[in-house]
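Novice: structure-v5.txt (compact mmCIF, C-alpha atoms and all ligand atoms) pasted underneath:
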# COMPACT_ATOMS: atom_id res chain seq x y z
CA MET S 711 0.00 0.00 0.00
CA VAL S 712 1.21 3.50 -0.84
CA LYS S 713 2.18 5.57 2.19
CA SER S 714 1.98 9.33 2.31
CA TYR S 715 4.15 11.74 4.27
CA VAL S 716 3.45 15.37 5.08
CA PRO S 717 6.73 16.78 6.40
CA GLU S 718 6.70 20.09 8.26
CA THR S 719 10.14 21.30 7.24
CA LEU S 720 12.37 21.24 4.18
CA LYS S 721 15.06 19.43 6.19
CA GLU S 722 12.60 16.66 7.08
CA THR S 723 11.60 16.41 3.40
CA LEU S 724 15.20 16.14 2.22
CA GLU S 725 15.99 13.54 4.88
CA LEU S 726 13.10 11.39 3.63
CA LEU S 727 14.21 11.78 0.00
CA ASP S 728 17.74 10.85 0.98
CA LYS S 729 16.61 7.47 2.34
CA GLY S 730 13.86 6.27 0.00
CA LYS S 731 12.09 6.60 -3.32
CA TYR S 732 9.13 8.98 -3.23
CA GLN S 733 6.81 10.81 -5.55
CA ILE S 734 6.69 14.54 -4.76
CA VAL S 735 3.24 16.15 -4.80
CA ALA S 736 2.87 19.95 -4.58
CA GLY S 737 -0.56 21.20 -5.69
CA GLY S 738 -1.36 17.76 -7.12
CA THR S 739 -3.23 19.26 -10.10
CA ASP S 740 -1.14 17.23 -12.56
CA MET S 741 -0.38 14.26 -10.32
CA LEU S 742 -4.01 13.55 -9.49
CA ILE S 743 -4.96 13.39 -13.17
CA GLN S 744 -1.96 11.33 -14.28
CA ASN S 745 -2.36 8.76 -11.53
CA HIS S 746 -6.13 8.66 -11.62
CA ALA S 747 -7.42 5.10 -11.56
CA ARG S 748 -9.90 4.57 -14.39
CA SER S 749 -12.40 3.19 -11.93
CA PRO S 750 -13.94 4.23 -8.61
CA LEU S 751 -10.75 2.99 -6.93
CA PRO S 752 -8.48 5.44 -5.08
CA ILE S 753 -5.69 7.25 -6.95
CA ASN S 754 -3.03 4.88 -8.16
CA TYR S 755 0.41 6.23 -7.16
CA LYS S 756 3.46 4.12 -8.04
CA ASN S 757 5.65 5.20 -5.10
CA ASP S 758 5.11 6.49 -1.60
CA ILE S 759 4.17 10.16 -1.64
CA ILE S 760 5.60 13.27 -0.03
CA TYR S 761 3.18 16.20 0.07
CA ILE S 762 5.21 19.40 0.11
CA SER S 763 2.48 21.99 -0.31
CA ASN S 764 2.55 23.10 3.33
CA LEU S 765 6.32 23.77 3.46
CA GLU S 766 6.35 27.44 4.47
CA GLU S 767 10.08 27.67 3.63
CA LEU S 768 9.23 27.10 -0.03
CA LYS S 769 6.55 29.80 -0.22
CA GLY S 770 6.84 33.44 -1.20
CA ILE S 771 8.74 35.64 -3.63
CA THR S 772 11.93 37.62 -2.95
CA GLU S 773 14.39 39.62 -5.04
CA ASP S 774 17.91 40.97 -5.21
CA ASP S 775 19.40 43.40 -7.74
CA ASP S 776 19.34 40.96 -10.65
CA PHE S 777 16.87 38.16 -9.93
CA ILE S 778 13.42 37.28 -8.61
CA TYR S 779 13.22 34.11 -6.51
CA ILE S 780 9.90 32.24 -6.51
CA GLY S 781 9.51 29.60 -3.80
CA ALA S 782 8.57 26.20 -5.26
CA CYS S 783 5.36 25.94 -3.22
CA THR S 784 4.04 29.42 -4.03
CA SER S 785 0.69 29.03 -5.76
CA LEU S 786 0.25 30.21 -9.34
CA GLU S 787 -2.42 32.65 -8.13
CA GLU S 788 -0.07 34.20 -5.56
CA ILE S 789 2.67 34.53 -8.19
CA MET S 790 0.19 36.18 -10.55
CA GLU S 791 -0.87 38.70 -7.90
CA HIS S 792 2.62 39.49 -6.59
CA LYS S 793 4.18 42.89 -7.26
CA LEU S 794 7.62 41.41 -8.05
CA THR S 795 6.35 39.07 -10.76
CA PRO S 796 7.25 40.23 -14.31
CA LYS S 797 4.20 41.27 -16.32
CA LEU S 798 4.90 38.65 -18.99
CA LEU S 799 4.72 35.86 -16.40
CA LYS S 800 1.54 37.33 -14.86
CA ASP S 801 -0.08 37.45 -18.30
CA THR S 802 0.96 33.84 -18.90
CA ILE S 803 -0.43 32.53 -15.60
CA LEU S 804 -3.71 34.37 -16.20
CA GLU S 805 -4.18 32.12 -19.25
CA MET S 806 -3.50 28.95 -17.28
CA ALA S 807 -6.33 26.76 -16.01
CA SER S 808 -8.98 28.38 -13.76
CA PRO S 809 -8.73 30.31 -10.46
CA ALA S 810 -9.39 27.12 -8.47
CA ILE S 811 -6.51 25.26 -10.12
CA ARG S 812 -4.24 28.33 -9.93
CA HIS S 813 -4.83 28.58 -6.16
CA THR S 814 -3.52 25.01 -5.79
CA GLY S 815 -1.04 24.48 -8.65
CA THR S 816 2.54 25.76 -8.59
CA LEU S 817 5.09 26.99 -11.10
CA ALA S 818 7.55 24.32 -9.94
CA GLY S 819 4.80 21.74 -10.61
CA ASN S 820 4.35 23.02 -14.15
CA ILE S 821 8.12 22.65 -14.64
CA GLY S 822 8.24 19.26 -12.89
CA ASN S 823 5.46 17.98 -15.11
CA ALA S 824 7.51 19.01 -18.20
CA SER S 825 4.56 18.75 -20.56
CA PRO S 826 5.21 20.09 -24.08
CA ALA S 827 1.99 22.08 -23.54
CA GLY S 828 2.99 23.52 -20.14
CA ASP S 829 2.17 27.20 -20.60
CA SER S 830 4.57 28.75 -18.12
CA LEU S 831 7.49 26.94 -19.71
CA VAL S 832 7.32 29.06 -22.87
CA THR S 833 7.68 32.24 -20.83
CA LEU S 834 10.29 30.76 -18.48
CA TYR S 835 12.45 29.70 -21.47
CA LEU S 836 12.06 33.18 -22.92
CA LEU S 837 13.16 34.75 -19.60
CA ASN S 838 16.16 32.37 -19.29
CA ALA S 839 14.79 31.13 -15.93
CA ASP S 840 16.79 28.83 -13.68
CA VAL S 841 15.69 26.27 -11.12
CA GLN S 842 17.34 25.76 -7.75
CA LEU S 843 17.56 22.09 -6.81
CA GLN S 844 18.26 20.94 -3.30
CA SER S 845 19.20 17.65 -1.69
CA LEU S 846 20.27 16.98 1.89
CA ASN S 847 23.92 17.78 1.18
CA ASN S 848 23.89 19.85 -1.98
CA THR S 849 22.27 22.81 -3.73
CA ARG S 850 22.65 23.36 -7.45
CA ARG S 851 21.21 25.77 -9.99
CA MET S 852 20.30 24.87 -13.55
CA CYS S 853 18.95 26.69 -16.57
CA ILE S 854 15.40 25.50 -17.36
CA ARG S 855 16.49 24.63 -20.92
CA ASP S 856 18.95 22.07 -19.54
CA PHE S 857 16.67 20.91 -16.72
CA ILE S 858 13.83 19.83 -19.03
CA THR S 859 15.24 17.04 -21.14
CA GLY S 860 12.16 15.74 -22.98
CA VAL S 861 8.46 14.97 -22.75
CA ARG S 862 7.81 14.67 -18.98
CA LYS S 863 11.56 14.24 -18.42
CA ILE S 864 13.59 16.41 -16.07
CA ASP S 865 17.13 16.27 -14.75
CA LEU S 866 16.07 15.81 -11.11
CA LYS S 867 17.93 13.32 -8.94
CA PRO S 868 15.76 11.03 -6.75
CA ASN S 869 16.99 12.80 -3.58
CA GLU S 870 16.35 16.35 -4.86
CA ILE S 871 13.47 18.77 -5.04
CA ILE S 872 13.03 22.07 -6.83
CA THR S 873 13.19 24.74 -4.13
CA LYS S 874 13.12 27.92 -6.23
CA VAL S 875 12.42 29.22 -9.70
CA ILE S 876 14.82 32.06 -10.45
CA ILE S 877 14.02 34.71 -13.04
CA ASN S 878 16.30 37.37 -14.50
CA LYS S 879 15.00 40.91 -14.13
CA ILE S 880 14.58 41.89 -17.77
CA ASN S 881 12.63 44.81 -19.18
CA PHE S 882 11.68 44.27 -22.80
CA ASP S 883 10.33 47.16 -24.88
CA LYS S 884 7.62 44.79 -26.03
CA ALA S 885 6.81 41.27 -24.87
CA GLU S 886 3.76 39.05 -25.14
CA PHE S 887 2.55 35.51 -24.46
CA ILE S 888 -0.12 34.23 -26.83
CA LYS S 889 -1.98 31.01 -26.09
CA VAL S 890 -4.03 29.36 -28.81
CA GLY S 891 -6.64 27.09 -27.27
CA PRO S 892 -10.26 26.08 -27.79
CA ARG S 893 -11.32 28.85 -25.36
CA ARG S 894 -9.74 31.71 -23.42
CA SER S 895 -9.14 29.93 -20.11
CA ASP S 896 -9.24 26.50 -18.47
CA ALA S 897 -8.07 24.85 -21.68
CA ILE S 898 -4.84 23.12 -22.63
CA SER S 899 -2.87 24.91 -25.39
CA LYS S 900 -3.07 23.81 -28.99
CA LEU S 901 0.11 25.85 -29.24
CA SER S 902 1.61 28.94 -27.66
CA PHE S 903 4.01 31.68 -28.68
CA ALA S 904 6.00 34.27 -26.76
CA TYR S 905 8.36 37.02 -27.78
CA GLY S 906 10.44 39.74 -26.15
CA ILE S 907 12.18 42.52 -28.03
CA THR S 908 14.21 45.60 -27.05
CA PHE S 909 15.68 48.39 -29.18
CA HIS S 910 18.49 50.86 -28.60
CA ASN S 911 19.12 53.64 -31.11
CA ASN S 912 16.43 52.06 -33.31
CA GLN S 913 18.28 48.73 -33.50
CA THR S 914 17.48 45.46 -31.71
CA ILE S 915 19.62 44.69 -28.68
CA ASP S 916 17.44 41.80 -27.50
CA PHE S 917 15.30 39.56 -29.72
CA ARG S 918 13.73 36.41 -28.31
CA ILE S 919 11.14 33.99 -29.63
CA ALA S 920 9.67 30.81 -28.12
CA PHE S 921 6.97 28.36 -29.21
CA GLY S 922 5.13 25.84 -27.01
CA ALA S 923 3.29 22.58 -27.77
CA VAL S 924 4.91 22.15 -31.18
CA ASN S 925 7.88 19.94 -30.26
CA THR S 926 8.90 17.70 -27.37
CA THR S 927 9.97 20.76 -25.36
CA VAL S 928 9.74 24.52 -25.84
CA VAL S 929 11.28 25.70 -29.11
CA ARG S 930 13.76 28.50 -28.46
CA HIS S 931 16.93 29.05 -30.51
CA PRO S 932 19.30 31.81 -29.35
CA GLU S 933 21.55 31.05 -32.33
CA ILE S 934 18.74 32.17 -34.65
CA GLU S 935 17.82 35.12 -32.42
CA CYS S 936 21.36 36.52 -32.40
CA GLN S 937 21.32 36.83 -36.21
CA TYR S 938 18.63 39.50 -35.76
CA ILE S 939 20.47 41.70 -33.26
CA ARG S 940 21.42 45.22 -34.44
CA LYS S 941 18.54 45.26 -36.91
CA THR S 942 16.03 48.04 -37.39
CA LYS S 943 12.30 47.34 -37.45
CA GLU S 944 12.38 47.79 -41.23
CA GLU S 945 15.22 45.28 -41.60
CA LEU S 946 13.31 42.77 -39.47
CA LYS S 947 10.24 43.23 -41.64
CA GLU S 948 12.32 42.66 -44.76
CA SER S 949 13.63 39.43 -43.14
CA ILE S 950 10.22 37.99 -42.19
CA GLU S 951 10.28 35.08 -44.63
CA GLU S 952 13.91 34.29 -43.74
CA ILE S 953 13.03 34.21 -40.00
CA ILE S 954 10.02 31.96 -40.59
CA THR S 955 12.17 29.64 -42.70
CA ALA S 956 14.80 29.49 -39.93
CA TYR S 957 12.22 28.26 -37.38
CA ARG S 958 10.36 25.89 -39.73
CA PRO S 959 12.58 22.80 -39.09
CA PHE S 960 11.96 23.11 -35.33
CA ILE S 961 8.16 23.39 -35.51
CA LYS S 962 7.33 19.68 -35.39
CA PRO S 963 3.83 19.40 -33.92
CA ILE S 964 1.77 16.26 -33.56
CA ASP S 965 -1.84 15.44 -34.45
CA ASP S 966 -3.89 14.92 -31.29
CA GLN S 967 -7.38 15.45 -29.87
CA ARG S 968 -6.75 19.18 -29.50
CA SER S 969 -5.49 20.02 -33.00
CA ASN S 970 -3.52 18.81 -36.01
CA LYS S 971 -0.01 19.34 -37.37
CA ALA S 972 -0.98 21.47 -40.34
CA TYR S 973 -3.04 23.91 -38.22
CA ARG S 974 -0.34 24.19 -35.56
CA ARG S 975 2.43 24.83 -38.12
CA GLN S 976 0.41 27.44 -39.98
CA VAL S 977 -0.62 29.30 -36.81
CA CYS S 978 3.00 29.40 -35.57
CA GLU S 979 4.05 31.04 -38.84
CA ASN S 980 1.11 33.47 -38.72
CA LEU S 981 1.93 34.54 -35.14
CA LEU S 982 5.61 35.04 -35.95
CA ARG S 983 4.75 37.08 -39.05
CA GLU S 984 2.18 39.17 -37.15
CA PHE S 985 4.65 39.91 -34.31
CA ILE S 986 7.23 41.31 -36.74
CA LEU S 987 4.76 43.16 -38.96
CA GLU S 988 3.26 44.91 -35.91
CA LEU S 989 6.61 46.20 -34.58
C1 LIG S 1001 -8.46 21.48 -14.93
C2 LIG S 1001 -6.99 21.69 -15.18
C3 LIG S 1001 -6.59 22.70 -16.04
C4 LIG S 1001 -5.24 22.89 -16.30
N1 LIG S 1001 -4.87 23.90 -17.16
C5 LIG S 1001 -3.57 24.12 -17.43
C6 LIG S 1001 -3.19 25.15 -18.33
O1 LIG S 1001 -4.01 25.90 -18.86
N2 LIG S 1001 -1.87 25.29 -18.60
C7 LIG S 1001 -0.92 24.49 -18.02
O2 LIG S 1001 0.26 24.67 -18.30
N3 LIG S 1001 -1.27 23.51 -17.16
C8 LIG S 1001 -2.55 23.32 -16.83
N4 LIG S 1001 -2.91 22.32 -15.95
C9 LIG S 1001 -1.87 21.47 -15.36
C10 LIG S 1001 -1.43 21.88 -13.92
O3 LIG S 1001 -2.42 22.60 -13.22
C11 LIG S 1001 -0.12 22.70 -13.94
O4 LIG S 1001 0.89 21.98 -14.61
C12 LIG S 1001 0.37 23.08 -12.52
O5 LIG S 1001 1.32 24.10 -12.64
C13 LIG S 1001 0.95 21.88 -11.77
O6 LIG S 1001 1.36 22.31 -10.47
P1 LIG S 1001 1.14 21.37 -9.20
O7 LIG S 1001 1.79 22.06 -8.05
O8 LIG S 1001 -0.28 21.04 -9.04
O9 LIG S 1001 1.98 20.09 -9.62
P2 LIG S 1001 1.85 18.58 -9.08
O10 LIG S 1001 0.69 17.91 -9.72
O11 LIG S 1001 1.91 18.54 -7.59
O12 LIG S 1001 3.22 17.98 -9.65
C14 LIG S 1001 3.47 17.93 -11.05
C15 LIG S 1001 4.86 17.30 -11.27
O13 LIG S 1001 5.87 18.14 -10.76
C16 LIG S 1001 6.62 17.47 -9.72
N5 LIG S 1001 6.88 18.49 -8.69
C17 LIG S 1001 6.01 19.38 -8.16
N6 LIG S 1001 6.65 20.21 -7.31
C18 LIG S 1001 7.95 19.80 -7.30
C19 LIG S 1001 9.12 20.27 -6.62
N7 LIG S 1001 9.11 21.32 -5.79
N8 LIG S 1001 10.30 19.62 -6.84
C20 LIG S 1001 10.34 18.57 -7.72
N9 LIG S 1001 9.28 18.11 -8.41
C21 LIG S 1001 8.10 18.72 -8.20
C22 LIG S 1001 5.72 16.34 -9.23
O14 LIG S 1001 6.47 15.28 -8.69
C23 LIG S 1001 5.03 15.95 -10.53
O15 LIG S 1001 5.86 15.13 -11.30
C24 LIG S 1001 -4.26 22.08 -15.67
C25 LIG S 1001 -4.68 21.09 -14.78
C26 LIG S 1001 -6.02 20.88 -14.53
C27 LIG S 1001 -6.43 19.82 -13.57
I'd like the structure from this file rewritten - as structure tokens, please.

Specialist:
Amino acid sequence: MVKSYVPETLKETLELLDKGKYQIVAGGTDMLIQNHARSPLPINYKNDIIYISNLEELKGITEDDDFIYIGACTSLEEIMEHKLTPKLLKDTILEMASPAIRHTGTLAGNIGNASPAGDSLVTLYLLNADVQLQSLNNTRRMCIRDFITGVRKIDLKPNEIITKVIINKINFDKAEFIKVGPRRSDAISKLSFAYGITFHNNQTIDFRIAFGAVNTTVVRHPEIECQYIRKTKEELKESIEEIITAYRPFIKPIDDQRSNKAYRRQVCENLLREFILEL
């Protein structure tokens, strides 16, 4: 029979993880669905469970000169309402699920779930977010792009948990997250798109693009982005077809119950074109 533990401190949690194999549950909004028994039977977890959602040490948001630190157990709703949260991340969370789910679910849970359709991931990739990972005897920090290694795959050791999500303080001139779903809220993305752009002396000094739900992980390619630094708006507009062509090999969506490949590919290209044309 599966046992569940509700530790009161982070130390207690890490000591448990150091000794045995557990499934971490934060808000449980992904875990409950994935492990749901297709019958009236109780939820079917594979390992013993550690509930971490009441760990006060992992709640709240702080800052220093360069970064914002979001505790792993801070709810999505609290992050969305917090004055330190970047507008782009607030706008993204507003499009996620419903208020009830956002009051329970966490940003660390969205990362831990590593779904190709995880909405916050698109924005976190765009913002070059890091995760802080902690075990009993070690703390390490990793860029989200390296931490997520595939569909529902993350580089988390069995004795570690995510303790913080760390976001660079960046001010773009213009940034937006666009979710394409069957309705405005409480719907899983067919695809998503985010951009951030900044100019100095009429030339780009920062140019970032990310797509969600069209490959195994978020599509972001700094090596393409850097080719469009020191460009004027006019030069970017002249390069639209070239930019679309550069991203085309990486837009590899699947057909599923929410949409099909052809629609997803076409909408990605339309959103990219629209973003540049409207600069
Ligand atoms: C009705 C509904 C609507 C939804 N809509 C959306 C949506 O619009 N967009 C979207 O992106 N998602 C959506 N989701 C999915 C889900 O709500 C989010 O992914 C949420 O952010 C998960 O957070 P959680 O704390 O509930 O994660 P949990 O379910 O607790 O955990 C998810 C995974 O992360 C791991 N994990 C959690 N916290 C940690 C930690 N601190 N350290 C290490 N691993 C950890 C868990 O072990 C598990 O593998 C929806 C879910 C439901 C039920």

Novice: Between atom CA of S:Glu944 and atom CA of S:Pro796, what distance in Å does the model show, to one decimal?

Specialist: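 Spanning atom CA of S:Glu944 to atom CA of S:Pro796 is a straight-line distance of 28.4 Å.
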
Novice: Given only C-alpha atoms as the basis, pick out the residue of S:Gly737, S:Gly922, S:Gly860, S:Pro932 nearest to S:Cys978.

Specialist: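 Ranking S:Gly737, S:Gly922, S:Gly860, S:Pro932 by distance to S:Cys978, first place goes to S:Gly922.
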
Novice: Can you tell me which residues sit at most 6 Å away from ligand LIG 1001 (chain S), counting only C-alpha atoms and all ligand atoms, written as a PyMOL selection string?

Specialist: chain S and resi 733-741+782+806-807+811+815-820+822-823+828-830+871-873+896-898

Novice: Could you tell me how far atom CA of S:Ile907 sits from atom CA of S:Thr784, in Å to one decimal place?

Specialist: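 Atom-to-atom, atom CA of S:Thr784 and atom CA of S:Ile907 are spaced 28.5 Å apart.
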
Novice: What's the separation between atom CA of S:Leu727 and atom CA of S:Ile771, in Å to one decimal place?

Specialist: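 For atom CA of S:Leu727 relative to atom CA of S:Ile771, the distance reads 24.7 Å.
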
Novice: Identify which of the residues S:Asn970, S:Lys800, S:Gly906, S:Lys874 lies closest to S:Lys769, counting only C-alpha atoms when measuring atom-to-atom distances.

Specialist: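 Closest to S:Lys769 of all the choices is S:Lys874.
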
Novice: Which one of S:Gln844, S:Ser969, S:Thr772, S:Thr927 sits closest to S:Asp728 if you count all atoms listed in the file?

Specialist: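 Smallest separation from S:Asp728 among the options: S:Gln844.
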
Novice: Env of S:Ala839: 8 Å cut, atoms = all atoms listed in the file, seq-sep filter 2 positions within chain, self excluded. Answer as a PDB file with C-alpha atoms, in the coordinates of the input.

Specialist:
ATOM      1  CA  LEU S 834      10.290  30.760 -18.480  1.00  0.00           C
ATOM      2  CA  TYR S 835      12.450  29.700 -21.470  1.00  0.00           C
ATOM      3  CA  LEU S 836      12.060  33.180 -22.920  1.00  0.00           C
ATOM      4  CA  LEU S 837      13.160  34.750 -19.600  1.00  0.00           C
ATOM      5  CA  VAL S 841      15.690  26.270 -11.120  1.00  0.00           C
ATOM      6  CA  CYS S 853      18.950  26.690 -16.570  1.00  0.00           C
ATOM      7  CA  ILE S 854      15.400  25.500 -17.360  1.00  0.00           C
ATOM      8  CA  VAL S 875      12.420  29.220  -9.700  1.00  0.00           C
ATOM      9  CA  ILE S 876      14.820  32.060 -10.450  1.00  0.00           C
ATOM     10  CA  ILE S 877      14.020  34.710 -13.040  1.00  0.00           C
ATOM     11  CA  ASN S 878      16.300  37.370 -14.500  1.00  0.00           C
TER      12      ASN S 878
END

Novice: Which residue is closest to S:Gly891? Choose from S:Ile919, S:Leu946, S:Leu843, S:Val977 and count all atoms listed in the file.

Specialist: S:Val977

Novice: Measuring between all atoms listed in the file, which one of S:Glu933, S:Tyr905, S:Leu804, S:Asn911 shows the shortest distance to S:Ala885?

Specialist: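 Closest residue, counting all atoms listed in the file: S:Tyr905.
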